[in-house]
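Asks: This is the content of final15.cif (mmCIF, C-alpha atoms and all ligand atoms):
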data_entry
#
loop_
_atom_site.label_atom_id
_atom_site.label_comp_id
_atom_site.auth_asym_id
_atom_site.auth_seq_id
_atom_site.Cartn_x
_atom_site.Cartn_y
_atom_site.Cartn_z
CA MET A 1 70.12 88.14 113.35
CA LYS A 2 71.51 84.82 114.48
CA HIS A 3 74.71 84.13 112.62
CA SER A 4 74.97 80.40 112.74
CA ASN A 5 72.50 77.67 111.85
CA ASN A 6 70.58 79.95 109.54
CA LEU A 7 68.62 77.13 107.92
CA ARG A 8 66.32 79.29 105.82
CA ASN A 9 69.18 81.18 104.18
CA PRO A 10 72.32 79.09 104.52
CA GLY A 11 75.36 81.31 104.24
CA VAL A 12 73.66 84.51 105.37
CA GLY A 13 75.60 86.03 108.20
CA LYS A 14 78.53 83.73 107.59
CA SER A 15 80.41 86.40 105.71
CA ALA A 16 81.15 88.24 108.95
CA PHE A 17 83.10 85.24 110.16
CA VAL A 18 84.86 84.04 107.07
CA GLY A 19 86.40 87.45 106.44
CA LYS A 20 86.16 89.37 103.23
CA SER A 21 84.62 88.28 99.99
CA HIS A 22 86.78 90.25 97.54
CA SER A 23 83.73 90.08 95.31
CA GLY A 24 84.32 86.35 95.05
CA GLY A 25 82.49 84.74 97.93
CA LYS A 26 83.19 81.44 96.23
CA ASP A 27 82.23 79.35 99.25
CA ASP A 28 79.09 81.29 100.01
CA PRO A 29 76.31 81.13 97.41
CA VAL A 30 74.25 83.87 99.06
CA LEU A 31 77.19 86.28 99.20
CA GLN A 32 77.97 85.32 95.60
CA TYR A 33 74.36 86.16 94.68
CA VAL A 34 74.66 89.53 96.43
CA VAL A 35 77.82 90.33 94.50
CA ASN A 36 76.47 89.05 91.17
CA ASN A 37 73.32 91.11 91.50
CA SER A 38 74.54 94.36 93.01
CA LEU A 39 78.23 95.00 92.39
CA ARG A 40 78.93 97.68 89.79
CA GLU A 41 82.69 97.86 89.82
CA HIS A 42 84.49 100.62 87.91
CA PRO A 43 86.93 99.02 85.42
CA VAL A 44 89.97 100.54 87.15
CA LEU A 45 88.74 99.21 90.49
CA THR A 46 88.57 95.76 88.89
CA LYS A 47 92.14 96.12 87.64
CA LEU A 48 93.33 97.33 91.05
CA ARG A 49 91.55 94.45 92.80
CA LEU A 50 93.17 91.90 90.50
CA ARG A 51 96.59 93.52 90.99
CA THR A 52 96.10 93.52 94.76
CA LEU A 53 95.20 89.82 94.76
CA GLU A 54 98.80 89.18 93.63
CA ASP A 55 100.03 90.72 96.90
CA PRO A 56 100.68 88.26 99.77
CA TRP A 57 98.66 90.51 102.10
CA SER A 58 95.64 90.84 99.80
CA ILE A 59 93.37 89.59 102.61
CA MET A 60 93.68 93.15 103.94
CA MET A 61 91.81 94.61 100.95
CA VAL A 62 88.30 95.82 101.62
CA ALA A 63 85.53 93.66 100.13
CA SER A 64 84.19 95.15 96.90
CA GLU A 65 80.55 95.13 97.99
CA GLN A 66 81.53 96.87 101.24
CA ALA A 67 83.47 99.53 99.33
CA GLN A 68 80.45 100.06 97.09
CA PHE A 69 78.21 100.43 100.14
CA MET A 70 80.52 103.10 101.58
CA ALA A 71 80.69 104.87 98.21
CA ASN A 72 76.90 105.02 98.29
CA LEU A 73 77.01 106.51 101.80
CA ILE A 74 79.40 109.13 100.40
CA ARG A 75 76.83 109.92 97.68
CA LEU A 76 73.96 109.90 100.18
CA ILE A 77 75.50 112.55 102.42
CA ASN A 78 77.06 114.51 99.51
CA ALA A 79 80.49 114.06 101.05
CA THR A 80 83.32 116.14 99.62
CA LYS A 81 85.89 115.57 102.39
CA ALA A 82 86.90 112.07 103.47
CA ILE A 83 89.76 110.42 105.33
CA GLU A 84 90.89 106.82 105.04
CA ILE A 85 93.08 105.60 107.90
CA GLY A 86 94.94 102.63 106.37
CA MET A 87 94.83 102.86 102.56
CA TYR A 88 96.71 99.66 101.62
CA THR A 89 96.72 99.46 97.79
CA GLY A 90 93.97 102.05 97.52
CA TYR A 91 90.85 100.10 96.54
CA ASN A 92 88.53 101.95 98.90
CA ALA A 93 90.27 105.32 98.53
CA LEU A 94 89.76 105.05 94.77
CA SER A 95 86.16 103.92 95.22
CA MET A 96 85.41 106.93 97.47
CA ALA A 97 87.14 109.37 95.10
CA LEU A 98 85.10 108.04 92.16
CA ALA A 99 81.90 108.60 94.15
CA MET A 100 82.72 112.23 94.89
CA PRO A 101 82.19 115.34 92.78
CA GLU A 102 85.14 117.07 91.13
CA ASN A 103 85.86 119.16 94.24
CA GLY A 104 85.91 116.04 96.45
CA ARG A 105 89.06 115.13 98.38
CA VAL A 106 90.15 111.90 100.06
CA VAL A 107 93.06 112.14 102.49
CA ALA A 108 94.53 108.62 102.43
CA LEU A 109 96.85 107.58 105.27
CA GLU A 110 99.35 104.79 104.65
CA ILE A 111 102.67 103.94 106.28
CA GLU A 112 104.09 101.43 103.75
CA ASP A 113 105.74 102.75 100.57
CA THR A 114 105.18 99.48 98.66
CA TYR A 115 101.43 99.95 98.90
CA VAL A 116 101.56 103.63 97.95
CA ASP A 117 103.60 102.64 94.88
CA ILE A 118 101.00 100.06 93.84
CA ALA A 119 98.07 102.47 94.35
CA THR A 120 99.33 105.60 92.62
CA PRO A 121 99.23 104.47 88.93
CA PHE A 122 95.64 103.25 89.37
CA PHE A 123 94.56 106.64 90.79
CA LYS A 124 96.09 108.24 87.69
CA GLU A 125 94.51 105.75 85.31
CA ALA A 126 91.07 106.47 86.81
CA GLY A 127 91.72 110.21 86.40
CA VAL A 128 91.22 111.00 90.10
CA GLU A 129 94.81 111.49 91.31
CA ASN A 130 93.97 115.15 92.06
CA LYS A 131 91.21 113.98 94.42
CA ILE A 132 93.39 111.64 96.51
CA ASP A 133 95.91 113.20 98.88
CA VAL A 134 98.15 110.33 100.02
CA ARG A 135 99.91 111.02 103.33
CA HIS A 136 102.73 108.55 103.52
CA GLN A 137 103.59 108.44 107.24
CA ILE A 138 102.21 107.18 110.56
CA GLY A 139 98.45 107.74 110.51
CA MET A 140 98.22 109.41 113.92
CA LYS A 141 100.73 112.04 112.82
CA THR A 142 98.56 113.01 109.85
CA LEU A 143 95.40 113.17 111.99
CA ASN A 144 97.19 115.51 114.42
CA GLU A 145 98.43 117.62 111.51
CA LEU A 146 94.91 117.96 110.10
CA ILE A 147 93.60 119.07 113.51
CA ALA A 148 96.52 121.51 113.92
CA ALA A 149 95.71 122.91 110.45
CA GLY A 150 92.25 123.92 111.72
CA GLU A 151 90.31 121.14 109.95
CA ALA A 152 88.43 119.88 113.02
CA GLY A 153 84.70 119.51 112.36
CA THR A 154 85.07 119.74 108.56
CA TYR A 155 85.17 116.13 107.34
CA ASP A 156 82.09 114.28 106.09
CA PHE A 157 83.34 110.70 106.18
CA VAL A 158 86.17 108.76 107.83
CA PHE A 159 87.02 105.10 107.25
CA ILE A 160 89.10 103.56 110.05
CA ASP A 161 90.96 100.49 108.74
CA ALA A 162 94.59 100.56 109.99
CA ASP A 163 96.30 98.86 112.99
CA LYS A 164 93.47 97.58 115.17
CA PHE A 165 95.21 98.18 118.50
CA ASN A 166 95.07 101.96 117.88
CA TYR A 167 91.43 102.07 116.80
CA ASP A 168 90.27 103.91 119.92
CA ARG A 169 92.83 106.65 119.34
CA TYR A 170 91.85 106.88 115.65
CA TYR A 171 88.20 107.04 116.70
CA GLU A 172 88.76 109.97 119.09
CA LYS A 173 90.75 111.91 116.47
CA SER A 174 88.14 111.12 113.81
CA LEU A 175 85.37 112.36 116.06
CA GLU A 176 87.26 115.65 116.32
CA LEU A 177 87.72 115.91 112.57
CA ILE A 178 84.21 114.90 111.51
CA ARG A 179 81.32 117.38 111.22
CA THR A 180 77.99 116.93 112.99
CA GLY A 181 76.01 114.43 110.90
CA GLY A 182 79.20 113.06 109.36
CA ILE A 183 79.93 109.32 109.34
CA ILE A 184 82.82 107.34 110.78
CA ALA A 185 82.93 103.79 109.38
CA ILE A 186 85.00 101.37 111.46
CA ASP A 187 86.12 98.11 109.84
CA ASN A 188 86.79 94.65 111.33
CA VAL A 189 84.76 95.28 114.48
CA LEU A 190 83.89 91.54 114.67
CA TRP A 191 87.47 90.37 114.05
CA SER A 192 86.31 87.01 112.67
CA GLY A 193 84.00 86.64 115.68
CA ARG A 194 86.85 86.70 118.20
CA VAL A 195 85.43 89.83 119.90
CA VAL A 196 82.59 87.69 121.27
CA ASN A 197 84.87 86.01 123.78
CA PRO A 198 88.41 87.40 123.45
CA ALA A 199 91.17 85.02 124.58
CA PRO A 200 93.25 86.28 127.56
CA GLY A 201 96.36 87.02 125.45
CA ASP A 202 94.52 88.30 122.38
CA LEU A 203 95.09 92.04 122.81
CA THR A 204 93.66 92.97 119.40
CA SER A 205 90.33 91.25 120.04
CA GLN A 206 90.24 92.77 123.53
CA ALA A 207 90.89 96.26 122.15
CA LEU A 208 88.17 95.90 119.49
CA ASP A 209 85.70 94.51 122.03
CA ALA A 210 86.46 97.39 124.42
CA LEU A 211 85.90 99.91 121.62
CA ASN A 212 82.62 98.24 120.59
CA LYS A 213 81.38 98.45 124.18
CA LYS A 214 82.55 102.07 124.50
CA LEU A 215 80.70 103.05 121.30
CA HIS A 216 77.53 101.37 122.54
CA LYS A 217 77.47 103.79 125.51
CA ASP A 218 78.87 106.85 123.73
CA GLN A 219 76.25 109.63 123.83
CA ARG A 220 78.22 111.77 121.34
CA ILE A 221 77.12 109.52 118.49
CA ASP A 222 74.40 107.39 116.91
CA LEU A 223 75.52 103.87 116.09
CA SER A 224 74.90 100.80 113.95
CA MET A 225 77.02 97.65 113.90
CA LEU A 226 76.60 95.87 110.58
CA ILE A 227 77.29 92.25 109.71
CA VAL A 228 79.13 93.24 106.55
CA GLY A 229 82.58 91.89 105.67
CA ASP A 230 84.38 91.38 108.99
CA GLY A 231 81.92 93.68 110.79
CA LEU A 232 81.42 97.36 110.05
CA SER A 233 80.30 99.92 112.62
CA LEU A 234 78.71 103.12 111.38
CA VAL A 235 79.03 106.06 113.72
CA ILE A 236 77.08 109.27 113.09
CA LYS A 237 78.32 112.30 115.04
CA ARG A 238 75.55 114.06 116.99
C1 LIG A 301 93.39 96.51 106.31
S1 LIG A 301 94.57 97.42 105.41
C2 LIG A 301 93.61 98.69 104.67
C3 LIG A 301 92.75 98.24 103.50
C4 LIG A 301 92.21 99.37 102.68
N1 LIG A 301 91.38 100.26 103.47
C5 LIG A 301 91.49 98.94 101.42
O1 LIG A 301 90.65 99.69 100.92
O2 LIG A 301 91.75 97.90 100.85
C6 LIG A 301 95.45 98.31 106.69
C7 LIG A 301 96.54 99.22 106.19
O3 LIG A 301 96.91 100.08 107.27
C8 LIG A 301 98.29 100.35 107.16
N2 LIG A 301 98.77 100.79 108.47
C9 LIG A 301 99.00 100.01 109.56
N3 LIG A 301 99.42 100.77 110.59
C10 LIG A 301 99.45 102.05 110.13
C11 LIG A 301 99.78 103.29 110.74
N4 LIG A 301 100.18 103.35 112.02
N5 LIG A 301 99.70 104.41 109.99
C12 LIG A 301 99.28 104.34 108.70
N6 LIG A 301 98.94 103.19 108.08
C13 LIG A 301 99.03 102.06 108.79
C14 LIG A 301 98.89 99.04 106.68
O4 LIG A 301 100.14 99.23 106.08
C15 LIG A 301 97.80 98.54 105.73
O5 LIG A 301 98.11 98.90 104.42
#
So, in terms of structure tokens, how does the structure I just supplied come out?
Replies:
Amino acid sequence: MKHSNNLRNPGVGKSAFVGKSHSGGKDDPVLQYVVNNSLREHPVLTKLRLRTLEDPWSIMMVASEQAQFMANLIRLINATKAIEIGMYTGYNALSMALAMPENGRVVALEIEDTYVDIATPFFKEAGVENKIDVRHQIGMKTLNELIAAGEAGTYDFVFIDADKFNYDRYYEKSLELIRTGGIIAIDNVLWSGRVVNPAPGDLTSQALDALNKKLHKDQRIDLSMLIVGDGLSLVIKR
């Protein structure tokens, strides 16, 4: 789809370039329509979203409609083991845990204690604190620990959403940890459109662009790049 000058449906495709909607999409009537007519947000997710919007870094929070889409993927593949690399205040970790059966587990990787402290009471309030295993340290360390613990090939779903410069490393570790037919969802692959023509000094855009091009050729996976939020790639392990 062409992203700009969409005269038939003004606003469609724009969401990939304006960042995340946070279920508001105030400037985009089509995105607002999508949210109004499809979002079914659990009441504790609503409370967590509103609490997160008070944080100066709330732009980092996943868009609600994107979290719901990933929760539905979790349901579709009957996932019981998921990893989130970059939990922030826990909106998506909570959304995934709510979509899983009682024996489901989300391993949530987050380096900042402030964010872990915000997330934890909401996990408890939603009654899913036993389903979310927060690993409060550098994400790569946890991924290596999971592999060392013999968990390679056992995860159903991974969401990569931490420091963009390390995405390729997270991707390779995730591919090790995921089972055949499992899904790796990679966020911000469009980086507000900057991946199209990365500036010479823009190392983040260059890294994301390089990963996008690597995935396109990667015969270990099937691939879709979606114009959702800031761009979401879905990788299915062959
Ligand atoms: C875009 S936010 C994640 C948003 C989150 N997935 C959600 O559902 O709202 C990225 C998070 O990754 C964390 N992070 C950055 N580098 C990290 C690292 N090396 N290890 C673990 N977490 C990291 C940041 O502290 C931040 O909270």
Asks: My list of candidates is A:Asp187, A:Tyr91, A:Val158, A:Gln66. Which is closest to Val34 of chain A when distances are computed with all atoms listed in the file?
Replies: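 Closest to Val34 of chain A of all the choices is A:Gln66.
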Asks: Within 10 Å of (87.8, 101.9, 83.6), all atoms listed in the file: residues as a PyMOL selection string?
Replies: chain A and resi 41-47+122+125-127
Asks: Can you pull out every residue within 7 Å of segment 202-213 of chain A, counting only C-alpha atoms, but drop anything in the same chain fewer than 6 positions away, and send it as a ChimeraX atom specification?
Replies: /A:164-165,168,189,191,194-195
Asks: Around ligand LIG 301 (chain A), at most 9 Å away and counting all atoms listed in the file, which residues are there? Put them as a VMD selection string, please.
Replies: chain A and resid 49 52 57 to 64 67 84 to 95 108 to 116 135 to 142 159 to 164 166 187 to 188
Asks: Applying 12 Å and all atoms listed in the file, which residues near Leu76 of chain A remain after dropping the ones on its own chain fewer than 3 positions away? List them as a list in words.
Replies: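 Selected residues are Phe69, Met70, Ala71, Asn72, Leu73, Ala79, Thr80, Ala99, Met100, Asp156, Phe157, Gly181, Gly182 and Ile183 of chain A.
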Asks: Can I get the selected residues back with C-alpha atoms, as a CSV table (one decimal), in the frame of the given file?
Replies:
chain,number,residue,atom,x,y,z
A,69,PHE,CA,78.2,100.4,100.1
A,70,MET,CA,80.5,103.1,101.6
A,71,ALA,CA,80.7,104.9,98.2
A,72,ASN,CA,76.9,105.0,98.3
A,73,LEU,CA,77.0,106.5,101.8
A,79,ALA,CA,80.5,114.1,101.0
A,80,THR,CA,83.3,116.1,99.6
A,99,ALA,CA,81.9,108.6,94.2
A,100,MET,CA,82.7,112.2,94.9
A,156,ASP,CA,82.1,114.3,106.1
A,157,PHE,CA,83.3,110.7,106.2
A,181,GLY,CA,76.0,114.4,110.9
A,182,GLY,CA,79.2,113.1,109.4
A,183,ILE,CA,79.9,109.3,109.3
Asks: What is the distance between atom CA of Val196 of chain A and atom CA of Ile227 of chain A, in Å to one decimal?
Replies: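 Interatomic distance here is 13.5 Å.
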Asks: Calculate how many Å separate atom CA of Glu102 of chain A from atom CA of Leu177 of chain A, rounding to one decimal.
Replies: 21.6 Å
Asks: Can you work out the spacing between atom CA of Lys217 of chain A and atom CA of Gly201 of chain A in Å, to one decimal?
Replies: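 Interatomic distance, atom CA of Lys217 of chain A to atom CA of Gly201 of chain A: 25.3 Å.
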Asks: Smallest atom-to-atom distance to Val228 of chain A: which of A:Asn144, A:Asn36, A:Ser192, A:Thr154, using all atoms listed in the file?
Replies: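 Closest to Val228 of chain A, using all atoms listed in the file: A:Ser192.
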Asks: Just want the 8 Å neighbourhood of Thr180 of chain A, counted on only C-alpha atoms, with same-chain residues fewer than 5 positions away dropped. Output as a PyMOL selection string.
Replies: chain A and resi 153+236-238
Asks: Between A:Glu172, A:Pro29, A:Gly231, A:Lys124, single out the one closest to Ile184 of chain A, counting all atoms listed in the file.
Replies: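 Among A:Glu172, A:Pro29, A:Gly231, A:Lys124, it is A:Glu172 that comes nearest to Ile184 of chain A.
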